[in-house]
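J.: The structure file target-v4.cif (mmCIF, C-alpha atoms and all ligand atoms) is provided below.
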data_protein
loop_
_atom_site.label_atom_id
_atom_site.label_comp_id
_atom_site.auth_asym_id
_atom_site.auth_seq_id
_atom_site.Cartn_x
_atom_site.Cartn_y
_atom_site.Cartn_z
CA MET A 1 59.12 229.75 73.19
CA LYS A 2 55.49 228.94 73.92
CA THR A 3 53.64 229.94 77.07
CA LEU A 4 50.54 228.55 78.74
CA THR A 5 48.87 229.67 81.94
CA VAL A 6 47.58 227.46 84.72
CA ASN A 7 44.44 229.42 85.55
CA LEU A 8 44.08 228.98 89.28
CA SER A 9 41.88 231.65 90.82
CA GLY A 10 44.26 232.21 93.75
CA ALA A 11 47.56 232.35 91.90
CA PRO A 12 47.72 231.69 88.16
CA TYR A 13 51.18 230.81 86.89
CA PRO A 14 52.93 230.45 83.55
CA ILE A 15 54.44 227.38 81.92
CA HIS A 16 57.19 228.39 79.48
CA ILE A 17 58.24 225.71 76.99
CA GLY A 18 61.22 226.16 74.68
CA SER A 19 64.85 225.45 73.92
CA GLY A 20 67.56 227.22 75.93
CA LEU A 21 65.30 228.57 78.68
CA LEU A 22 67.86 227.82 81.41
CA ASP A 23 69.73 230.84 80.08
CA ARG A 24 66.71 233.17 80.40
CA ALA A 25 67.08 235.07 83.67
CA ASP A 26 64.43 237.48 82.38
CA LEU A 27 61.83 234.70 82.66
CA ILE A 28 62.87 233.75 86.18
CA LEU A 29 63.47 237.07 87.92
CA PRO A 30 59.85 238.34 87.95
CA HIS A 31 58.85 235.27 89.98
CA LEU A 32 61.42 235.64 92.78
CA ALA A 33 60.33 237.26 96.03
CA GLN A 34 63.99 238.11 96.72
CA PRO A 35 67.15 237.53 94.67
CA ASP A 36 67.84 234.40 96.68
CA VAL A 37 67.26 230.80 95.57
CA ALA A 38 68.01 227.24 96.70
CA ILE A 39 68.38 224.86 93.78
CA VAL A 40 67.50 221.25 94.57
CA THR A 41 68.88 218.76 92.07
CA ASN A 42 70.62 215.39 91.95
CA THR A 43 74.01 213.86 91.16
CA THR A 44 73.02 213.13 87.53
CA VAL A 45 71.47 216.47 86.63
CA ALA A 46 73.92 218.68 88.55
CA PRO A 47 76.95 218.01 86.30
CA LEU A 48 74.78 218.64 83.23
CA TYR A 49 72.81 221.79 84.09
CA LEU A 50 73.49 223.17 87.57
CA ASP A 51 76.46 225.32 86.68
CA ARG A 52 74.60 226.82 83.73
CA LEU A 53 71.59 227.75 85.82
CA GLN A 54 73.76 229.21 88.58
CA ARG A 55 75.66 231.31 86.02
CA THR A 56 72.38 232.59 84.57
CA LEU A 57 71.23 233.58 88.05
CA SER A 58 74.46 235.10 89.33
CA ALA A 59 74.83 237.20 86.17
CA SER A 60 71.55 238.83 87.26
CA GLY A 61 72.61 239.27 90.87
CA VAL A 62 70.69 236.32 92.30
CA ARG A 63 72.36 234.48 95.17
CA SER A 64 72.01 230.71 94.88
CA MET A 65 72.85 227.65 96.94
CA ALA A 66 72.69 224.11 95.62
CA ILE A 67 71.42 220.98 97.34
CA VAL A 68 72.52 217.90 95.40
CA LEU A 69 70.74 214.69 96.34
CA PRO A 70 71.47 211.10 95.34
CA ASP A 71 69.62 210.07 92.17
CA GLY A 72 66.62 207.78 91.98
CA GLU A 73 63.10 206.93 93.09
CA ALA A 74 64.63 205.00 95.99
CA HIS A 75 65.72 208.38 97.41
CA LYS A 76 62.27 209.99 97.32
CA THR A 77 62.22 209.55 101.08
CA ARG A 78 61.95 211.43 104.33
CA GLU A 79 65.78 211.20 104.61
CA SER A 80 66.15 213.26 101.42
CA LEU A 81 63.43 215.64 102.59
CA HIS A 82 65.29 216.17 105.86
CA GLN A 83 68.53 216.69 103.93
CA ILE A 84 66.89 219.60 102.07
CA HIS A 85 65.45 221.11 105.26
CA ASP A 86 68.79 220.69 107.07
CA ALA A 87 70.71 222.42 104.27
CA LEU A 88 68.23 225.32 104.12
CA LEU A 89 68.45 225.79 107.89
CA ALA A 90 72.24 225.44 107.96
CA GLN A 91 72.49 228.19 105.34
CA ARG A 92 69.95 230.33 107.19
CA ARG A 93 67.51 230.58 104.33
CA GLU A 94 64.33 232.60 104.93
CA ARG A 95 60.67 232.80 103.95
CA ASN A 96 61.48 234.68 100.76
CA THR A 97 64.02 232.15 99.51
CA THR A 98 62.66 230.46 96.39
CA VAL A 99 63.23 226.73 96.01
CA ILE A 100 64.02 225.71 92.43
CA ALA A 101 63.50 222.05 91.51
CA LEU A 102 65.97 221.23 88.74
CA GLY A 103 65.45 217.65 87.58
CA GLY A 104 62.87 214.98 86.88
CA GLY A 105 59.70 214.11 88.74
CA VAL A 106 61.53 212.72 91.76
CA ILE A 107 63.35 216.00 92.37
CA GLY A 108 60.20 218.00 91.53
CA ASP A 109 58.08 216.11 94.06
CA LEU A 110 60.78 216.15 96.76
CA ALA A 111 61.84 219.78 96.36
CA GLY A 112 58.19 220.77 96.07
CA PHE A 113 57.33 219.08 99.35
CA ALA A 114 60.39 220.64 101.00
CA ALA A 115 59.22 224.06 99.77
CA ALA A 116 55.70 223.35 101.04
CA THR A 117 56.94 222.50 104.51
CA PHE A 118 60.04 224.68 105.10
CA LEU A 119 59.00 227.57 107.37
CA ARG A 120 55.37 226.54 106.59
CA GLY A 121 55.88 227.18 102.92
CA VAL A 122 58.26 229.07 100.66
CA PRO A 123 57.95 229.93 96.93
CA LEU A 124 58.69 227.18 94.41
CA ILE A 125 59.81 227.16 90.77
CA GLN A 126 59.77 223.94 88.76
CA MET A 127 62.48 223.46 86.12
CA PRO A 128 61.72 219.98 84.78
CA THR A 129 64.47 218.18 82.85
CA THR A 130 62.75 214.88 81.96
CA LEU A 131 59.95 214.48 79.45
CA LEU A 132 57.71 213.01 82.14
CA ALA A 133 58.29 216.00 84.39
CA GLN A 134 57.79 218.49 81.53
CA VAL A 135 54.43 217.00 80.51
CA ASP A 136 53.06 216.04 83.90
CA SER A 137 54.71 216.22 87.30
CA SER A 138 56.00 219.82 87.23
CA VAL A 139 52.48 221.17 86.60
CA GLY A 140 49.68 221.11 89.14
CA GLY A 141 51.32 221.31 92.53
CA LYS A 142 51.31 217.71 93.71
CA THR A 143 54.39 217.21 95.88
CA GLY A 144 55.51 214.44 98.17
CA ILE A 145 57.63 211.48 99.11
CA ASN A 146 57.24 207.70 99.21
CA HIS A 147 56.66 205.65 102.35
CA PRO A 148 57.75 202.02 102.70
CA VAL A 149 54.02 201.16 102.69
CA GLY A 150 53.37 202.83 99.33
CA LYS A 151 54.21 205.47 96.77
CA ASN A 152 53.55 209.19 97.28
CA LEU A 153 51.69 208.53 100.53
CA ILE A 154 53.12 211.59 102.29
CA GLY A 155 52.74 214.96 100.58
CA SER A 156 50.81 218.13 99.96
CA PHE A 157 49.58 220.47 97.26
CA HIS A 158 52.03 223.31 96.70
CA GLN A 159 51.72 225.11 93.39
CA PRO A 160 54.84 226.51 91.72
CA ARG A 161 55.06 230.19 90.76
CA LEU A 162 56.57 229.25 87.42
CA VAL A 163 57.27 226.15 85.34
CA LEU A 164 60.25 226.57 83.02
CA ALA A 165 60.61 223.60 80.66
CA ASP A 166 63.85 223.84 78.70
CA THR A 167 63.33 221.28 75.93
CA ALA A 168 67.07 221.28 75.12
CA THR A 169 67.69 219.45 78.39
CA LEU A 170 65.92 216.45 76.86
CA ASP A 171 68.89 215.97 74.50
CA THR A 172 70.74 214.17 77.29
CA LEU A 173 67.79 212.10 78.50
CA PRO A 174 68.31 208.30 78.15
CA VAL A 175 65.91 206.64 75.72
CA ARG A 176 64.15 204.59 78.39
CA GLU A 177 63.36 207.75 80.34
CA PHE A 178 62.16 209.47 77.18
CA ARG A 179 59.75 206.61 76.41
CA SER A 180 58.49 206.75 79.97
CA GLY A 181 57.43 210.37 79.37
CA VAL A 182 55.67 209.40 76.14
CA ALA A 183 53.41 207.06 78.14
CA GLU A 184 52.08 210.08 80.06
CA ILE A 185 51.63 212.03 76.81
CA ILE A 186 49.52 209.20 75.31
CA LYS A 187 47.51 209.24 78.54
CA TYR A 188 46.12 212.75 77.83
CA GLY A 189 44.86 211.66 74.42
CA LEU A 190 43.18 208.61 75.91
CA ILE A 191 41.45 210.33 78.82
CA ARG A 192 40.18 213.55 77.25
CA ASP A 193 41.58 214.55 73.88
CA LEU A 194 40.80 212.33 70.89
CA PRO A 195 42.16 214.85 68.32
CA PHE A 196 45.48 214.79 70.21
CA LEU A 197 45.43 210.98 70.19
CA ASP A 198 44.93 211.06 66.40
CA TRP A 199 47.78 213.58 66.08
CA LEU A 200 50.02 211.31 68.18
CA ASP A 201 49.14 208.35 65.96
CA GLN A 202 50.37 210.37 62.98
CA HIS A 203 53.49 211.81 64.63
CA LEU A 204 54.66 209.08 67.00
CA GLU A 205 57.78 208.07 65.04
CA ALA A 206 58.84 211.72 64.72
CA LEU A 207 58.23 212.17 68.45
CA MET A 208 60.40 209.14 69.24
CA ARG A 209 63.15 210.64 67.02
CA ARG A 210 62.80 213.78 69.20
CA ASP A 211 62.02 215.93 66.18
CA PRO A 212 62.13 219.39 67.84
CA ASP A 213 58.86 220.74 66.39
CA VAL A 214 56.90 217.58 67.09
CA LEU A 215 58.43 217.28 70.56
CA SER A 216 57.57 220.84 71.58
CA GLN A 217 54.06 220.49 70.14
CA ALA A 218 53.52 217.27 72.10
CA ILE A 219 54.76 218.92 75.34
CA LEU A 220 52.54 221.94 74.71
CA GLU A 221 49.40 219.86 74.10
CA ALA A 222 50.12 217.66 77.11
CA CYS A 223 50.65 220.71 79.35
CA ARG A 224 47.50 222.37 77.94
CA ASN A 225 45.51 219.31 78.96
CA LYS A 226 47.17 219.11 82.37
CA ALA A 227 46.67 222.84 83.01
CA GLU A 228 42.97 222.62 82.08
CA VAL A 229 42.40 219.64 84.37
CA VAL A 230 44.24 221.27 87.28
CA ALA A 231 42.27 224.50 86.86
CA LEU A 232 39.01 222.50 86.97
CA ASP A 233 39.92 220.44 90.04
CA GLU A 234 43.03 221.74 91.80
CA PHE A 235 42.71 219.53 94.90
CA GLU A 236 41.35 216.39 93.20
CA THR A 237 37.97 216.62 94.87
CA THR A 238 35.49 216.50 91.97
CA GLY A 239 36.79 213.45 90.11
CA VAL A 240 38.11 215.41 87.11
CA ARG A 241 41.76 215.42 88.17
CA ALA A 242 41.56 211.80 89.29
CA LEU A 243 41.15 210.86 85.61
CA LEU A 244 44.85 211.71 85.16
CA ASN A 245 45.49 208.46 87.00
CA LEU A 246 44.56 206.23 84.06
CA GLY A 247 46.77 203.15 84.36
CA HIS A 248 48.13 204.31 87.72
CA THR A 249 46.25 201.97 90.07
CA PHE A 250 47.71 198.99 88.24
CA GLY A 251 50.93 200.91 87.56
CA HIS A 252 51.65 201.73 91.19
CA ALA A 253 51.14 198.05 92.03
CA ILE A 254 53.68 197.12 89.35
CA GLU A 255 56.20 199.66 90.70
CA ALA A 256 55.78 198.58 94.31
CA GLY A 257 55.52 194.85 93.55
CA THR A 258 58.74 194.73 91.53
CA GLY A 259 60.66 197.12 93.84
CA TYR A 260 60.71 200.86 93.12
CA GLY A 261 63.06 201.71 90.26
CA THR A 262 62.86 198.31 88.51
CA TRP A 263 60.01 199.54 86.36
CA LEU A 264 60.08 203.25 85.53
CA HIS A 265 56.91 205.15 86.41
CA GLY A 266 55.93 205.70 82.77
CA GLU A 267 56.62 202.06 81.89
CA ALA A 268 54.36 200.94 84.72
CA VAL A 269 51.72 203.44 83.57
CA ALA A 270 51.93 202.05 80.00
CA ALA A 271 51.44 198.44 81.09
CA GLY A 272 48.83 199.58 83.64
CA THR A 273 46.94 201.47 80.94
CA LEU A 274 46.72 198.29 78.89
CA LEU A 275 45.32 196.43 81.91
CA ALA A 276 42.77 199.25 82.33
CA ALA A 277 41.94 199.00 78.62
CA ASP A 278 41.45 195.23 78.93
CA LEU A 279 39.11 195.81 81.89
CA SER A 280 37.21 198.52 79.97
CA GLU A 281 36.71 196.12 77.08
CA ARG A 282 35.43 193.40 79.42
CA LEU A 283 32.81 195.94 80.58
CA HIS A 284 31.88 196.45 76.87
CA TRP A 285 32.84 200.12 76.92
CA ILE A 286 35.61 200.05 74.34
CA THR A 287 36.11 197.64 71.45
CA PRO A 288 38.88 195.11 70.80
CA ALA A 289 40.01 197.43 67.98
CA ASP A 290 40.32 200.33 70.46
CA VAL A 291 42.42 198.14 72.77
CA ALA A 292 44.61 197.06 69.85
CA ARG A 293 45.09 200.72 68.90
CA ILE A 294 46.29 201.59 72.42
CA ALA A 295 48.62 198.57 72.47
CA SER A 296 50.01 199.59 69.10
CA LEU A 297 50.76 203.12 70.33
CA MET A 298 52.57 201.77 73.39
CA HIS A 299 54.48 199.27 71.26
CA ARG A 300 55.53 201.93 68.71
CA ALA A 301 56.76 204.08 71.61
CA GLY A 302 58.95 201.18 72.78
CA LEU A 303 56.93 200.83 75.98
CA PRO A 304 56.23 197.51 77.71
CA CYS A 305 52.91 195.98 76.66
CA ARG A 306 52.86 193.28 79.33
CA ALA A 307 52.70 193.77 83.06
CA PRO A 308 54.69 191.42 85.29
CA ASN A 309 52.85 188.40 86.64
CA LEU A 310 52.80 189.17 90.34
CA GLY A 311 49.81 186.92 90.93
CA VAL A 312 46.22 188.13 91.26
CA ALA A 313 46.27 188.09 95.07
CA ARG A 314 49.44 190.18 95.27
CA TYR A 315 48.11 192.71 92.77
CA LEU A 316 44.90 193.09 94.76
CA GLU A 317 46.88 193.48 97.99
CA LEU A 318 49.12 196.15 96.46
CA MET A 319 46.20 198.00 94.89
CA ALA A 320 44.38 197.95 98.22
CA SER A 321 47.17 200.03 99.81
CA ASP A 322 46.96 202.68 97.08
CA LYS A 323 45.78 206.21 98.02
CA LYS A 324 42.77 205.76 95.78
CA VAL A 325 41.03 203.19 97.95
CA GLU A 326 37.84 204.41 99.63
CA ALA A 327 35.69 202.33 102.00
CA GLY A 328 37.82 199.35 101.01
CA LYS A 329 36.85 199.64 97.32
CA ILE A 330 39.55 200.06 94.71
CA ARG A 331 38.91 203.02 92.44
CA PHE A 332 39.76 202.48 88.78
CA VAL A 333 40.06 204.97 85.98
CA LEU A 334 38.69 203.20 82.91
CA LEU A 335 37.79 204.16 79.35
CA LYS A 336 34.18 204.69 78.31
CA ALA A 337 35.55 205.43 74.86
CA LEU A 338 38.85 206.58 73.40
CA GLY A 339 39.24 210.16 74.62
CA GLN A 340 36.75 209.67 77.47
CA ALA A 341 37.91 208.31 80.81
CA ILE A 342 35.64 207.68 83.78
CA LEU A 343 36.13 206.90 87.43
CA THR A 344 34.51 203.76 88.86
CA ARG A 345 34.51 201.70 92.03
CA GLU A 346 32.17 199.15 90.53
CA ALA A 347 34.48 197.00 88.38
CA PRO A 348 33.36 193.38 89.04
CA ALA A 349 35.94 191.49 91.09
CA GLU A 350 35.94 188.55 88.65
CA SER A 351 36.73 190.87 85.70
CA VAL A 352 39.60 192.47 87.63
CA ALA A 353 40.92 189.01 88.52
CA ALA A 354 40.66 187.89 84.88
CA VAL A 355 42.65 190.92 83.69
CA LEU A 356 45.38 190.13 86.21
CA SER A 357 45.64 186.41 85.57
CA PRO A 358 48.07 185.18 82.89
CA GLU A 359 45.52 182.57 81.77
CA ASN A 360 42.83 185.15 80.94
CA GLY A 361 44.46 188.56 80.75
CA ARG A 362 45.96 189.83 77.50
CA PHE A 363 48.57 192.09 78.99
CA ILE A 364 50.10 190.03 81.80
CA GLY A 365 53.49 188.35 81.39
CA SER A 366 54.01 184.74 82.36
CA ILE A 367 56.88 185.53 84.74
CA PRO A 368 57.83 188.60 86.78
CA GLU A 369 59.96 190.68 84.46
CA SER A 370 61.71 194.01 84.19
CA PRO A 371 61.33 196.00 80.99
CA ALA A 372 65.01 197.01 81.00
P1 LIG B 401 63.30 210.81 87.68
O1 LIG B 401 63.08 212.09 88.34
O2 LIG B 401 63.85 209.68 88.48
O3 LIG B 401 64.23 211.05 86.42
C1 LIG B 401 64.59 209.96 85.62
C2 LIG B 401 66.12 209.84 85.45
O4 LIG B 401 66.57 210.81 84.52
C3 LIG B 401 66.89 210.10 86.74
O5 LIG B 401 68.01 209.25 86.78
C4 LIG B 401 67.34 211.54 86.56
O6 LIG B 401 68.47 211.86 87.31
C5 LIG B 401 67.64 211.57 85.09
N1 LIG B 401 67.59 212.87 84.44
C6 LIG B 401 66.76 213.90 84.69
N2 LIG B 401 66.91 214.85 83.78
C7 LIG B 401 67.87 214.42 82.92
C8 LIG B 401 68.45 214.96 81.76
N3 LIG B 401 68.02 216.11 81.25
N4 LIG B 401 69.42 214.27 81.15
C9 LIG B 401 69.82 213.06 81.63
N5 LIG B 401 69.28 212.48 82.70
C10 LIG B 401 68.32 213.16 83.34
O7 LIG B 401 61.93 210.25 87.01
P2 LIG B 401 60.75 210.98 86.23
O8 LIG B 401 60.24 209.97 85.29
O9 LIG B 401 61.12 212.32 85.74
O10 LIG B 401 59.67 211.21 87.38
C11 LIG B 401 59.08 210.13 88.04
C12 LIG B 401 58.56 210.62 89.37
O11 LIG B 401 57.58 211.62 89.14
C13 LIG B 401 57.90 209.55 90.21
O12 LIG B 401 58.37 209.66 91.53
C14 LIG B 401 56.44 209.89 90.14
O13 LIG B 401 55.73 209.50 91.30
C15 LIG B 401 56.47 211.38 90.00
N6 LIG B 401 55.29 211.96 89.38
C16 LIG B 401 54.71 213.00 89.99
C17 LIG B 401 53.60 213.61 89.42
C18 LIG B 401 53.00 214.82 90.07
O14 LIG B 401 51.94 215.27 89.62
N7 LIG B 401 53.63 215.40 91.06
C19 LIG B 401 53.10 213.15 88.20
C20 LIG B 401 53.73 212.07 87.59
C21 LIG B 401 54.84 211.48 88.19
N1 LIG B 402 49.79 213.17 87.88
C1 LIG B 402 48.49 213.24 88.44
C2 LIG B 402 48.08 214.59 88.91
O1 LIG B 402 48.82 215.53 88.83
O2 LIG B 402 47.00 214.76 89.38
#
Would it be possible to restate this file's structure as structure tokens?
Ligand code: NAD
Ligand code: GLY
T.:
Amino acid sequence: MKTLTVNLSGAPYPIHIGSGLLDRADLILPHLAQPDVAIVTNTTVAPLYLDRLQRTLSASGVRSMAIVLPDGEAHKTRESLHQIHDALLAQRRERNTTVIALGGGVIGDLAGFAAATFLRGVPLIQMPTTLLAQVDSSVGGKTGINHPVGKNLIGSFHQPRLVLADTATLDTLPVREFRSGVAEIIKYGLIRDLPFLDWLDQHLEALMRRDPDVLSQAILEACRNKAEVVALDEFETTGVRALLNLGHTFGHAIEAGTGYGTWLHGEAVAAGTLLAADLSERLHWITPADVARIASLMHRAGLPCRAPNLGVARYLELMASDKKVEAGKIRFVLLKALGQAILTREAPAESVAAVLSPENGRFIGSIPESPA
């Protein structure tokens, strides 16, 4: 097992990464206010891991209830949030009940927001079971739900007390979901860690085979980067944390424009990162060879290298309803160099349009398409 700390001045917390951690009550117990937990999970993860976690807890005298939600991004809604609140109230849970999120990023964000809002906030533990959740969403305290108008528009910051990433749970993860997580891993190399990008270049095939050593090293390095960024800018106010959104402005438009769930989040981030790379090259910040290197990494990871052709106007409309718009200007995370992302609101409109048009852009498909 490897352990990192998210060094927040108020309440630092550990991230444990290793195989078989769902059996380790000794890692969980010190972070419970009372021996009482509510496990939030979904209909896919529950049959795989819920019973095991509940046995681990009950063997140590911890009372647990389970809230099993329907699976999918389409259920990251206020209805699911209310379902969690209703269950907690029906079972008379109290301020010292700890909510455990057992699942991927959807469950982590939903359960996290429920924990942030139930009785004005109860303790939270993240137990991520997808690669994407282990390398990104379980760390850093962003929680929330989608709104019909856009993704993650309702939410709050609510840091967990512990992140327990059992890498053995990834054995059951479908390949498409695994690849989606790899997109977020590549992201850290691109935005701030060139040595890690070089390491990924050398180890990508082993990572895709889920070689245990390479996989745990990749998760560790990704979490180290995420933890450092979160410690520097917990509430995304200085621009440092915003760099984690490389590819996300385009990516969120892809997700919303094709209907949530058609493109997985990581797939949309991969294609969105290539659009951001294209735009960065048009601004003469990175070279065609840099762009080709990013495209090659995405391709080797089995990720989509072309975004759907939604039309320039529709992309701009979707991007304009993103959270990252300020004073009507779309904020892009672009690459000054490989390993160095920057935040800008000054991308020329004609360059953005060129990137998004199938005639001029390199990474736009000719028809709307799903990567499945
Ligand atoms: P997800 O939660 O939908 O999980 C993907 C699929 O894998 C689901 O069907 C799930 O049930 C299944 N699954 C989970 N664990 C499994 C396992 N071990 N074996 C088999 N199947 C398993 O998707 P995701 O990619 O984990 O997360 C995406 C979500 O995360 C999006 O809603 C995104 O907005 C959010 N996100 C949040 C942050 C943040 O900082 N809070 C960061 C990135 C992404
Ligand atoms: N996934 C972006 C963030 O946590 O800030």
J.: Can you work out which residues are within 6 Å of ligand LIG 401 (chain B), considering only C-alpha atoms and all ligand atoms, and then hand them over as an mmCIF file with C-alpha atoms, keeping the file's coordinate frame?
T.:
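The result, stored in out.cif:
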data_model
loop_
_atom_site.group_PDB
_atom_site.id
_atom_site.type_symbol
_atom_site.label_atom_id
_atom_site.label_comp_id
_atom_site.auth_asym_id
_atom_site.auth_seq_id
_atom_site.Cartn_x
_atom_site.Cartn_y
_atom_site.Cartn_z
ATOM 1 C CA THR A 44 73.020 213.130 87.530
ATOM 2 C CA VAL A 45 71.470 216.470 86.630
ATOM 3 C CA ASP A 71 69.620 210.070 92.170
ATOM 4 C CA GLY A 72 66.620 207.780 91.980
ATOM 5 C CA GLU A 73 63.100 206.930 93.090
ATOM 6 C CA GLY A 103 65.450 217.650 87.580
ATOM 7 C CA GLY A 104 62.870 214.980 86.880
ATOM 8 C CA GLY A 105 59.700 214.110 88.740
ATOM 9 C CA VAL A 106 61.530 212.720 91.760
ATOM 10 C CA ILE A 107 63.350 216.000 92.370
ATOM 11 C CA ASP A 109 58.080 216.110 94.060
ATOM 12 C CA THR A 129 64.470 218.180 82.850
ATOM 13 C CA THR A 130 62.750 214.880 81.960
ATOM 14 C CA LEU A 132 57.710 213.010 82.140
ATOM 15 C CA ALA A 133 58.290 216.000 84.390
ATOM 16 C CA ASP A 136 53.060 216.040 83.900
ATOM 17 C CA SER A 137 54.710 216.220 87.300
ATOM 18 C CA LYS A 142 51.310 217.710 93.710
ATOM 19 C CA THR A 143 54.390 217.210 95.880
ATOM 20 C CA THR A 169 67.690 219.450 78.390
ATOM 21 C CA LEU A 170 65.920 216.450 76.860
ATOM 22 C CA THR A 172 70.740 214.170 77.290
ATOM 23 C CA LEU A 173 67.790 212.100 78.500
ATOM 24 C CA GLU A 177 63.360 207.750 80.340
ATOM 25 C CA HIS A 265 56.910 205.150 86.410
#
J.: Fewer than 4 positions away in the same chain doesn't count, so skip those; otherwise give me all residues within 9 Å of A:His284, counting only C-alpha atoms, as JSON, numbers by chain.
T.: {"A": [279, 280, 336]}
J.: Go ahead and write the residues just picked, C-alpha atoms, as an mmCIF file, keeping the file's coordinate frame.
T.:
data_model
loop_
_atom_site.group_PDB
_atom_site.id
_atom_site.type_symbol
_atom_site.label_atom_id
_atom_site.label_comp_id
_atom_site.auth_asym_id
_atom_site.auth_seq_id
_atom_site.Cartn_x
_atom_site.Cartn_y
_atom_site.Cartn_z
ATOM 1 C CA LEU A 279 39.110 195.810 81.890
ATOM 2 C CA SER A 280 37.210 198.520 79.970
ATOM 3 C CA LYS A 336 34.180 204.690 78.310
#
J.: Select, counting only C-alpha atoms, all protein, DNA and RNA residues no farther than 9 Å from (50.5, 184.9, 89.8) in file coordinates, and express the selection as a ChimeraX atom specification.
T.: /A:308-315,356-358,366-368
J.: Enumerate residues in contact with ligand LIG 402 (chain B): an atom-to-atom distance of at most 12 Å, counting only C-alpha atoms and all ligand atoms. Format the result as a PyMOL selection string.
T.: chain A and resi 105+108-109+132-144+152+156-159+181+184-185+187-188+222-223+225-249+265-266+269+324
J.: Quick one: axis-aligned box around all listed atoms of stretch 258-262 of chain A, 4 Å on every side, centre and edge lengths in Å to one decimal, written as JSON.
T.:
{"center_x": 60.9, "center_y": 198.2, "center_z": 91.2, "size_x": 12.3, "size_y": 15.0, "size_z": 13.3}
J.: Leaving out stretch 195-212 of chain A and any residue of its chain fewer than 4 positions from it, which residues lie within 12 Å of it when counting all atoms listed in the file, given as a short mmCIF file (atom, residue, chain, number, x, y, z; two decimals) with C-alpha atoms, in the coordinates of the input?
T.:
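The result, stored in out34.cif:
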data_model
loop_
_atom_site.label_atom_id
_atom_site.label_comp_id
_atom_site.auth_asym_id
_atom_site.auth_seq_id
_atom_site.Cartn_x
_atom_site.Cartn_y
_atom_site.Cartn_z
CA ILE A 17 58.24 225.71 76.99
CA GLY A 18 61.22 226.16 74.68
CA SER A 19 64.85 225.45 73.92
CA LEU A 131 59.95 214.48 79.45
CA ASP A 166 63.85 223.84 78.70
CA THR A 167 63.33 221.28 75.93
CA ALA A 168 67.07 221.28 75.12
CA THR A 169 67.69 219.45 78.39
CA LEU A 170 65.92 216.45 76.86
CA ASP A 171 68.89 215.97 74.50
CA THR A 172 70.74 214.17 77.29
CA LEU A 173 67.79 212.10 78.50
CA PRO A 174 68.31 208.30 78.15
CA VAL A 175 65.91 206.64 75.72
CA ARG A 176 64.15 204.59 78.39
CA GLU A 177 63.36 207.75 80.34
CA PHE A 178 62.16 209.47 77.18
CA ARG A 179 59.75 206.61 76.41
CA SER A 180 58.49 206.75 79.97
CA GLY A 181 57.43 210.37 79.37
CA VAL A 182 55.67 209.40 76.14
CA ALA A 183 53.41 207.06 78.14
CA GLU A 184 52.08 210.08 80.06
CA ILE A 185 51.63 212.03 76.81
CA ILE A 186 49.52 209.20 75.31
CA LYS A 187 47.51 209.24 78.54
CA TYR A 188 46.12 212.75 77.83
CA GLY A 189 44.86 211.66 74.42
CA LEU A 190 43.18 208.61 75.91
CA ILE A 191 41.45 210.33 78.82
CA SER A 216 57.57 220.84 71.58
CA GLN A 217 54.06 220.49 70.14
CA ALA A 218 53.52 217.27 72.10
CA ILE A 219 54.76 218.92 75.34
CA LEU A 220 52.54 221.94 74.71
CA GLU A 221 49.40 219.86 74.10
CA ALA A 222 50.12 217.66 77.11
CA ARG A 224 47.50 222.37 77.94
CA ASN A 225 45.51 219.31 78.96
CA ASP A 290 40.32 200.33 70.46
CA ARG A 293 45.09 200.72 68.90
CA ILE A 294 46.29 201.59 72.42
CA ALA A 295 48.62 198.57 72.47
CA SER A 296 50.01 199.59 69.10
CA LEU A 297 50.76 203.12 70.33
CA MET A 298 52.57 201.77 73.39
CA HIS A 299 54.48 199.27 71.26
CA ARG A 300 55.53 201.93 68.71
CA ALA A 301 56.76 204.08 71.61
CA GLY A 302 58.95 201.18 72.78
CA LEU A 303 56.93 200.83 75.98
CA LEU A 338 38.85 206.58 73.40
CA GLY A 339 39.24 210.16 74.62
CA GLN A 340 36.75 209.67 77.47
#
J.: For atom CA of A:Ile15 and atom CA of A:Val163, quote the distance in Å rounded to one decimal.
T.: 4.6 Å
J.: Rounded to one decimal in Å, what is the spacing between atom CA of A:Ala114 and atom CA of A:Arg331?
T.: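 Computed distance, atom CA of A:Ala114 to atom CA of A:Arg331, equals 29.1 Å.
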J.: Please indicate the distance in Å from atom CA of A:Ala11 to atom CA of A:Val99, rounded to one decimal place.
T.: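 One can read the atom CA of A:Ala11 to atom CA of A:Val99 distance as 17.1 Å.
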J.: Of the residues A:Ser321, A:Thr97, A:Asn146, A:Thr77, which is the one nearest to A:Leu124, using only C-alpha atoms?
T.: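 That would be A:Thr97, the residue with the smallest distance to A:Leu124.
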J.: Skip stretch 80-96 of chain A itself and residues of its chain fewer than 4 positions away, then list as JSON, numbers by chain all residues within 9 Å of it, counting only C-alpha atoms.
T.: {"A": [32, 33, 34, 35, 36, 37, 38, 40, 65, 67, 68, 69, 70, 75, 76, 110, 111, 113, 114, 115, 117, 118, 119, 120, 121, 122, 123, 145]}
J.: What lies within 9 Å of A:His252 using all atoms listed in the file, ignoring chain neighbours under 5 positions off, as a PyMOL selection string?
T.: chain A and resi 150-151+247+257+265+268-269+272+318-319+322
J.: Take the selection from the previous step and output its residues with C-alpha atoms, as a short mmCIF file (atom, residue, chain, number, x, y, z; two decimals), in the frame of the given file.
T.:
data_model
loop_
_atom_site.label_atom_id
_atom_site.label_comp_id
_atom_site.auth_asym_id
_atom_site.auth_seq_id
_atom_site.Cartn_x
_atom_site.Cartn_y
_atom_site.Cartn_z
CA GLY A 150 53.37 202.83 99.33
CA LYS A 151 54.21 205.47 96.77
CA GLY A 247 46.77 203.15 84.36
CA GLY A 257 55.52 194.85 93.55
CA HIS A 265 56.91 205.15 86.41
CA ALA A 268 54.36 200.94 84.72
CA VAL A 269 51.72 203.44 83.57
CA GLY A 272 48.83 199.58 83.64
CA LEU A 318 49.12 196.15 96.46
CA MET A 319 46.20 198.00 94.89
CA ASP A 322 46.96 202.68 97.08
#
